[in-house]
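Enquirer: What follows is the file protein-v8.txt, containing compact mmCIF, C-alpha atoms and all ligand atoms:
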# COMPACT_ATOMS: atom_id res chain seq x y z
CA MET A 1 12.44 14.35 14.77
CA ALA A 2 10.80 10.96 14.23
CA GLU A 3 10.60 8.53 17.12
CA PRO A 4 12.86 5.48 16.96
CA GLY A 5 11.16 2.64 15.19
CA VAL A 6 8.71 2.79 12.34
CA THR A 7 5.54 4.88 12.15
CA VAL A 8 2.78 3.54 9.93
CA THR A 9 -0.08 5.92 9.12
CA PHE A 10 -3.16 4.77 7.26
CA ALA A 11 -3.82 7.91 5.23
CA GLY A 12 -6.30 5.84 3.22
CA SER A 13 -7.85 2.58 4.40
CA GLY A 14 -10.82 2.21 2.09
CA ASP A 15 -11.91 0.08 -0.81
CA ALA A 16 -12.31 1.31 -4.39
CA PHE A 17 -15.81 2.63 -3.86
CA GLY A 18 -15.55 4.99 -0.90
CA SER A 19 -17.17 2.61 1.60
CA GLY A 20 -17.52 4.30 4.96
CA GLY A 21 -16.39 7.59 3.39
CA ARG A 22 -12.82 6.35 3.45
CA TYR A 23 -9.96 7.27 1.17
CA GLN A 24 -8.51 4.59 -1.10
CA ALA A 25 -5.40 2.58 -0.22
CA CYS A 26 -2.57 4.82 0.94
CA ILE A 27 -0.26 3.66 3.71
CA HIS A 28 2.47 6.07 4.81
CA VAL A 29 5.58 4.65 6.48
CA ARG A 30 8.21 6.71 8.21
CA ALA A 31 11.42 5.38 9.72
CA GLN A 32 13.96 7.50 11.51
CA GLY A 33 16.57 9.06 9.27
CA ALA A 34 14.97 8.19 5.94
CA ALA A 35 12.45 9.70 3.57
CA PRO A 36 8.97 8.34 4.20
CA PHE A 37 7.44 6.02 1.64
CA LEU A 38 3.96 5.02 0.58
CA VAL A 39 2.52 1.57 0.14
CA ASP A 40 -0.09 2.01 -2.57
CA CYS A 41 -1.35 5.35 -3.80
CA GLY A 42 -5.04 5.15 -4.71
CA ALA A 43 -6.71 7.90 -6.70
CA THR A 44 -7.68 9.85 -3.57
CA SER A 45 -4.24 9.71 -1.97
CA LEU A 46 -3.08 13.28 -2.41
CA THR A 47 -6.15 14.48 -0.54
CA ALA A 48 -5.75 11.69 2.03
CA LEU A 49 -2.15 12.68 2.77
CA LYS A 50 -3.03 16.32 3.19
CA ALA A 51 -6.02 15.44 5.38
CA ALA A 52 -3.66 13.44 7.61
CA GLY A 53 -1.17 16.31 7.81
CA LEU A 54 1.48 14.41 5.85
CA ASP A 55 3.66 16.27 3.36
CA PRO A 56 3.50 14.65 -0.10
CA GLY A 57 6.76 16.38 -1.02
CA GLU A 58 8.68 14.32 1.54
CA ILE A 59 7.80 10.99 0.01
CA GLY A 60 10.78 9.27 -1.51
CA THR A 61 9.28 6.05 -2.82
CA VAL A 62 5.85 4.68 -3.63
CA PHE A 63 5.50 0.90 -3.57
CA VAL A 64 2.54 -0.28 -5.65
CA SER A 65 0.90 -3.66 -5.08
CA HIS A 66 -1.09 -3.78 -8.32
CA LEU A 67 -2.28 -1.57 -11.12
CA HIS A 68 -5.89 -0.84 -10.15
CA GLY A 69 -6.95 2.79 -9.82
CA ASP A 70 -7.64 2.52 -6.09
CA HIS A 71 -4.02 1.43 -5.60
CA PHE A 72 -1.99 3.41 -8.14
CA GLY A 73 -4.37 6.05 -9.54
CA GLY A 74 -3.08 8.76 -7.19
CA LEU A 75 0.36 8.81 -8.76
CA PRO A 76 -0.42 11.38 -11.50
CA PHE A 77 -1.72 13.77 -8.84
CA LEU A 78 1.30 13.16 -6.60
CA VAL A 79 3.67 13.82 -9.50
CA LEU A 80 1.87 17.00 -10.55
CA ASP A 81 1.70 18.22 -6.94
CA GLY A 82 5.47 17.85 -6.85
CA GLN A 83 5.80 19.73 -10.11
CA PHE A 84 3.72 22.67 -8.91
CA THR A 85 5.35 22.87 -5.48
CA GLY A 86 8.92 22.96 -6.76
CA ARG A 87 9.92 19.47 -5.73
CA THR A 88 13.51 18.55 -6.56
CA ARG A 89 13.86 15.20 -4.75
CA PRO A 90 13.46 12.25 -7.16
CA LEU A 91 10.28 10.20 -6.75
CA ILE A 92 10.76 6.47 -7.06
CA VAL A 93 7.80 4.30 -8.01
CA ALA A 94 8.25 0.56 -7.47
CA GLY A 95 5.50 -1.65 -8.82
CA PRO A 96 4.71 -4.71 -10.89
CA PRO A 97 6.03 -5.24 -14.40
CA GLY A 98 4.14 -2.80 -16.63
CA THR A 99 4.08 0.03 -14.08
CA ALA A 100 6.10 2.45 -16.21
CA ALA A 101 3.77 2.14 -19.22
CA ARG A 102 0.57 2.25 -17.13
CA LEU A 103 1.75 5.33 -15.22
CA ARG A 104 2.55 7.09 -18.48
CA GLN A 105 -0.89 6.18 -19.86
CA ALA A 106 -2.66 7.32 -16.69
CA MET A 107 -0.87 10.66 -16.75
CA GLU A 108 -1.73 11.23 -20.41
CA VAL A 109 -5.39 10.30 -19.94
CA LEU A 110 -5.86 12.53 -16.89
CA PHE A 111 -3.57 15.44 -17.80
CA PRO A 112 -2.59 15.35 -21.49
CA GLY A 113 1.04 16.30 -22.04
CA SER A 114 1.96 15.63 -18.41
CA ALA A 115 3.84 12.40 -18.98
CA GLU A 116 6.69 13.93 -20.96
CA VAL A 117 6.84 17.44 -19.53
CA ALA A 118 10.21 18.64 -18.16
CA ARG A 119 10.22 18.78 -14.34
CA ARG A 120 12.76 19.73 -11.71
CA PHE A 121 12.65 16.18 -10.34
CA ARG A 122 12.88 12.73 -11.84
CA VAL A 123 10.22 10.07 -11.61
CA GLU A 124 12.10 6.78 -11.59
CA VAL A 125 10.11 3.58 -12.06
CA THR A 126 11.48 0.31 -10.77
CA GLU A 127 9.54 -2.76 -11.85
CA LEU A 128 9.48 -5.52 -9.24
CA ILE A 129 9.91 -9.05 -10.46
CA PRO A 130 7.34 -11.43 -8.94
CA GLY A 131 9.21 -13.79 -6.66
CA GLY A 132 12.18 -11.46 -6.51
CA ARG A 133 13.73 -9.32 -3.85
CA THR A 134 15.62 -6.08 -4.13
CA THR A 135 16.25 -2.79 -2.33
CA VAL A 136 14.46 0.37 -3.41
CA GLY A 137 14.98 3.72 -1.72
CA GLY A 138 16.72 2.01 1.20
CA VAL A 139 13.82 -0.38 1.78
CA GLY A 140 14.18 -4.10 1.20
CA VAL A 141 11.28 -5.40 -0.87
CA ALA A 142 10.30 -8.95 -1.67
CA SER A 143 7.45 -9.47 -4.15
CA PHE A 144 5.02 -12.39 -4.21
CA GLU A 145 2.60 -12.89 -7.09
CA VAL A 146 -0.99 -13.12 -5.88
CA SER A 147 -4.39 -13.70 -7.47
CA HIS A 148 -6.05 -10.47 -8.61
CA PRO A 149 -6.22 -9.72 -12.37
CA SER A 150 -5.27 -6.11 -12.98
CA GLY A 151 -3.47 -5.98 -16.31
CA ALA A 152 -0.11 -6.76 -14.76
CA PRO A 153 1.11 -9.29 -12.20
CA PRO A 154 -0.46 -8.38 -8.82
CA LEU A 155 1.87 -8.49 -5.84
CA ALA A 156 1.89 -8.99 -2.11
CA LEU A 157 4.82 -7.08 -0.69
CA ARG A 158 7.21 -7.71 2.16
CA LEU A 159 9.06 -4.57 3.14
CA THR A 160 12.09 -4.52 5.42
CA VAL A 161 12.54 -1.14 7.08
CA GLY A 162 15.51 -1.03 9.42
CA ARG A 163 14.92 -4.02 11.68
CA GLN A 164 11.17 -4.15 11.07
CA VAL A 165 9.25 -6.11 8.47
CA ILE A 166 5.86 -4.99 7.16
CA ALA A 167 3.88 -7.36 4.93
CA TYR A 168 1.01 -6.22 2.74
CA SER A 169 -1.46 -8.43 0.93
CA GLY A 170 -2.62 -5.95 -1.68
CA ASP A 171 -5.87 -7.29 -3.14
CA THR A 172 -6.02 -11.04 -3.68
CA ALA A 173 -7.90 -14.25 -3.22
CA TRP A 174 -6.34 -16.42 -0.52
CA THR A 175 -3.02 -17.77 -1.72
CA ASP A 176 -0.05 -19.48 -0.11
CA ALA A 177 1.93 -16.40 -1.10
CA LEU A 178 0.43 -14.65 1.93
CA PRO A 179 2.00 -16.82 4.66
CA ALA A 180 5.28 -16.57 2.75
CA ALA A 181 5.09 -12.78 2.62
CA ALA A 182 4.02 -12.50 6.26
CA ALA A 183 6.46 -14.93 7.88
CA GLY A 184 8.30 -13.14 10.67
CA ALA A 185 6.73 -9.75 9.94
CA GLY A 186 5.95 -7.47 12.85
CA LEU A 187 2.86 -6.23 11.00
CA LEU A 188 0.69 -7.72 8.29
CA ILE A 189 -1.70 -5.34 6.57
CA ALA A 190 -4.34 -7.48 4.91
CA GLU A 191 -7.40 -6.63 2.88
CA ALA A 192 -10.65 -7.97 4.33
CA TYR A 193 -13.11 -6.95 1.69
CA TYR A 194 -16.22 -8.78 2.92
CA TYR A 195 -16.93 -10.65 6.13
CA ASP A 196 -17.54 -14.08 4.62
CA LYS A 197 -19.03 -13.49 1.18
CA VAL A 198 -16.92 -14.97 -1.57
CA ILE A 199 -15.86 -12.19 -3.96
CA PRO A 200 -13.58 -13.42 -6.73
CA TYR A 201 -9.97 -12.32 -6.37
CA HIS A 202 -10.49 -10.74 -2.93
CA LEU A 203 -9.91 -11.81 0.66
CA SER A 204 -12.71 -12.08 3.15
CA PHE A 205 -12.35 -11.87 6.90
CA ALA A 206 -13.37 -15.55 6.99
CA ASP A 207 -10.41 -16.44 4.75
CA LEU A 208 -7.99 -14.72 7.10
CA ALA A 209 -9.55 -16.22 10.21
CA ALA A 210 -9.43 -19.72 8.70
CA HIS A 211 -5.76 -19.31 7.81
CA ARG A 212 -4.65 -17.21 10.82
CA ASP A 213 -2.52 -20.06 12.17
CA GLU A 214 -0.49 -20.07 8.95
CA LEU A 215 0.36 -16.39 9.31
CA ALA A 216 3.51 -16.44 11.44
CA CYS A 217 3.52 -12.72 12.05
CA GLY A 218 2.80 -10.23 14.79
CA ARG A 219 -0.11 -7.83 14.45
CA VAL A 220 -2.64 -8.23 11.67
CA VAL A 221 -4.42 -5.05 10.64
CA LEU A 222 -7.39 -5.30 8.29
CA THR A 223 -7.98 -2.74 5.57
CA HIS A 224 -9.83 -2.26 2.22
CA MET A 225 -13.14 -3.09 3.90
CA SER A 226 -16.55 -2.89 2.24
CA ALA A 227 -19.59 -1.59 4.09
CA ASP A 228 -20.40 -5.21 4.94
CA MET A 229 -17.09 -5.71 6.73
CA LEU A 230 -17.06 -2.25 8.28
CA GLY A 231 -20.20 -3.29 10.15
CA ARG A 232 -18.34 -6.23 11.73
CA GLU A 233 -14.97 -4.74 12.48
CA ASP A 234 -14.64 -5.95 16.04
CA GLN A 235 -13.06 -9.36 15.57
CA PRO A 236 -10.82 -11.00 18.17
CA GLY A 237 -7.22 -11.45 17.06
CA PHE A 238 -7.42 -8.78 14.38
CA GLU A 239 -7.11 -5.03 14.39
CA THR A 240 -8.66 -2.74 11.83
CA ALA A 241 -7.36 0.28 9.99
CA TYR A 242 -9.15 3.60 9.72
CA ASP A 243 -8.14 6.79 7.97
CA GLY A 244 -5.61 8.60 10.12
CA ARG A 245 -4.78 5.58 12.28
CA VAL A 246 -1.15 5.60 13.37
CA ILE A 247 0.67 2.43 14.38
CA GLN A 248 4.06 2.68 16.01
CA LEU A 249 6.31 -0.33 15.55
CA PRO A 250 9.24 -0.67 17.92
CA GLU A 251 12.77 -0.36 16.63
CA PHE A 252 13.32 -4.06 17.12
CA ARG A 253 11.05 -6.87 16.13
CA VAL A 254 9.66 -8.71 19.14
ZN ZN A 301 -8.54 -2.42 -4.27
ZN ZN A 302 -7.60 -4.35 -6.99
Reformat the file's structure so that it appears as structure tokens.
Ligand SMILES: [Zn+2]
Ligand SMILES: [Zn+2]
Expert:
Amino acid sequence: MAEPGVTVTFAGSGDAFGSGGRYQACIHVRAQGAAPFLVDCGATSLTALKAAGLDPGEIGTVFVSHLHGDHFGGLPFLVLDGQFTGRTRPLIVAGPPGTAARLRQAMEVLFPGSAEVARRFRVEVTELIPGGRTTVGGVGVASFEVSHPSGAPPLALRLTVGRQVIAYSGDTAWTDALPAAAAGAGLLIAEAYYYDKVIPYHLSFADLAAHRDELACGRVVLTHMSADMLGREDQPGFETAYDGRVIQLPEFRV
């Protein structure tokens, strides 16, 4: 039985290119009495989940920040794993406008015929409207458009799980959407791609440090780090993710 509160496991905490030998973005969230969900599902995520001892068949919903392969490319593998292990529970995918078409395309490119095959479970896609809020799979989700071209509107996400709020930057240049998404959250998961080098459409650690006062949230955990940033992980005021790291959030926000 799960502990009270919310358990966040970084199954994958890496960037797109395997820096540090890490798996791509895949954050597993479990709250008592509900099916666990993922926040992003990069191409390596099925392996990442199994390496962390997490059952892919339990996952009820996958929230997707944006449609880059290191954030959504694991979905075809997750769906097919469900198909070949006799999954019956529906799988909900909640992502930016365009997610349904891109998922279908990805499945057809990687495993021709897989998009339309009959399965014992449904894959239900919910497209999140930038600036909107809704409830998906029992989780409240607010979406904030950020700055990261990826063929569809990229989103920062604010997820309300029981009495806890988890905010996630996805990939983005600094934007005022981030303080809005993070306000009052117990945990902000933020990409810190490079230490201070300016990479278009990505956050650096220096961006987050310069704007830390605007982030009215509890813990800030850095993820999606390049080799450059992995060499400078130890920064006051910030924690860092690693594959397999588990963070326990209390039942109540403090
Ligand atoms: Zn990325
Ligand atoms: Zn990206």
Enquirer: Could you build a table of the residues in chain A lying no more than 6 Å from ligand ZN 301 (chain A), giving for each the nearest pair of atoms and their separation in Å rounded to one decimal place, using only C-alpha atoms and all ligand atoms, ordered by chain and ascending residue number, as a Markdown table?
Expert:
| residue | atom | partner | partner_atom | distance |
| --- | --- | --- | --- | --- |
| A:Asp15 | CA | A:ZN301 | ZN | 5.4 |
| A:Ala16 | CA | A:ZN301 | ZN | 5.3 |
| A:Asp70 | CA | A:ZN301 | ZN | 5.3 |
| A:Asp171 | CA | A:ZN301 | ZN | 5.7 |
Enquirer: Excluding A:Gln248 and any residue of its chain fewer than 3 positions from it, enumerate the residues within 8 Å of it, using all atoms listed in the file, and give them as an NGL selection string.
Expert: :A and (5-8)
Enquirer: Go ahead and dump the residues you just picked, C-alpha atoms, as a tab-separated table (two decimals), in the frame of the given file.
Expert:
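Done, and the output landed in selection26.tsv:
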chain	number	residue	atom	x	y	z
A	5	GLY	CA	11.16	2.64	15.19
A	6	VAL	CA	8.71	2.79	12.34
A	7	THR	CA	5.54	4.88	12.15
A	8	VAL	CA	2.78	3.54	9.93
Enquirer: Measuring between only C-alpha atoms, which one of A:Phe111, A:Phe63, A:Tyr23, A:Tyr168 shows the shortest distance to A:Thr126?
Expert: A:Phe63
Enquirer: Using all atoms listed in the file, find each residue with an atom at most 10 Å away from ligand ZN 302 (chain A) and format the answer as a list in words.
Expert: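 If we count all atoms listed in the file, the neighbours of ligand ZN 302 (chain A) turn out to be Asp15, Ala16, Ala25, Ser65, His66, Leu67, His68, Gly69, Asp70, His71, Phe72, Ser147, His148, Pro149, Ser150, Pro154, Gly170, Asp171, Thr172, Tyr201, His202 and His224 of chain A.
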Enquirer: Could you give me, as a compact mmCIF listing (two decimals) with C-alpha atoms, keeping the file's coordinate frame, the residues within 10 Å of A:Leu230, counting only C-alpha atoms and dropping anything in the same chain fewer than 3 positions from it?
Expert:
# COMPACT_ATOMS: atom_id res chain seq x y z
CA GLY A 14 -10.82 2.21 2.09
CA SER A 19 -17.17 2.61 1.60
CA GLY A 20 -17.52 4.30 4.96
CA ALA A 192 -10.65 -7.97 4.33
CA TYR A 193 -13.11 -6.95 1.69
CA TYR A 194 -16.22 -8.78 2.92
CA TYR A 195 -16.93 -10.65 6.13
CA THR A 223 -7.98 -2.74 5.57
CA HIS A 224 -9.83 -2.26 2.22
CA MET A 225 -13.14 -3.09 3.90
CA SER A 226 -16.55 -2.89 2.24
CA ALA A 227 -19.59 -1.59 4.09
CA GLU A 233 -14.97 -4.74 12.48
CA ASP A 234 -14.64 -5.95 16.04
CA THR A 240 -8.66 -2.74 11.83
CA TYR A 242 -9.15 3.60 9.72
Enquirer: Between atom CA of A:Asp81 and atom CA of A:Leu128, measure the distance and give it in Å to one decimal.
Expert: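 Interatomic distance here is 25.1 Å.
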Enquirer: Give me, please, the distance in Å between atom CA of A:Phe144 and atom CA of A:Arg158, quoted to one decimal.
Expert: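 Separation of atom CA of A:Phe144 and atom CA of A:Arg158: 8.2 Å.
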Enquirer: Once you count all atoms listed in the file, which residues end up no further than 12 Å from (11.9, 20.8, -9.4) in the file's frame, shown as a list in words?
Expert: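 Every polymer residue passing the test: Gly57, Val79, Leu80, Asp81, Gly82, Gln83, Phe84, Thr85, Gly86, Arg87, Thr88, Arg89, Pro90, Leu91, Val117, Ala118, Arg119, Arg120, Phe121, Arg122 and Val123 of chain A.
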Enquirer: So what do you get for atom CA of A:Ala11 versus atom CA of A:Ala52, distance-wise?
Expert: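 Atom CA of A:Ala11 sits 6.0 Å away from atom CA of A:Ala52.
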Enquirer: Taking all atoms listed in the file into account, name the residue in A:Pro130, A:Gly244, A:Gly42, A:Pro96 that is nearest to A:Phe17.
Expert: A:Gly42
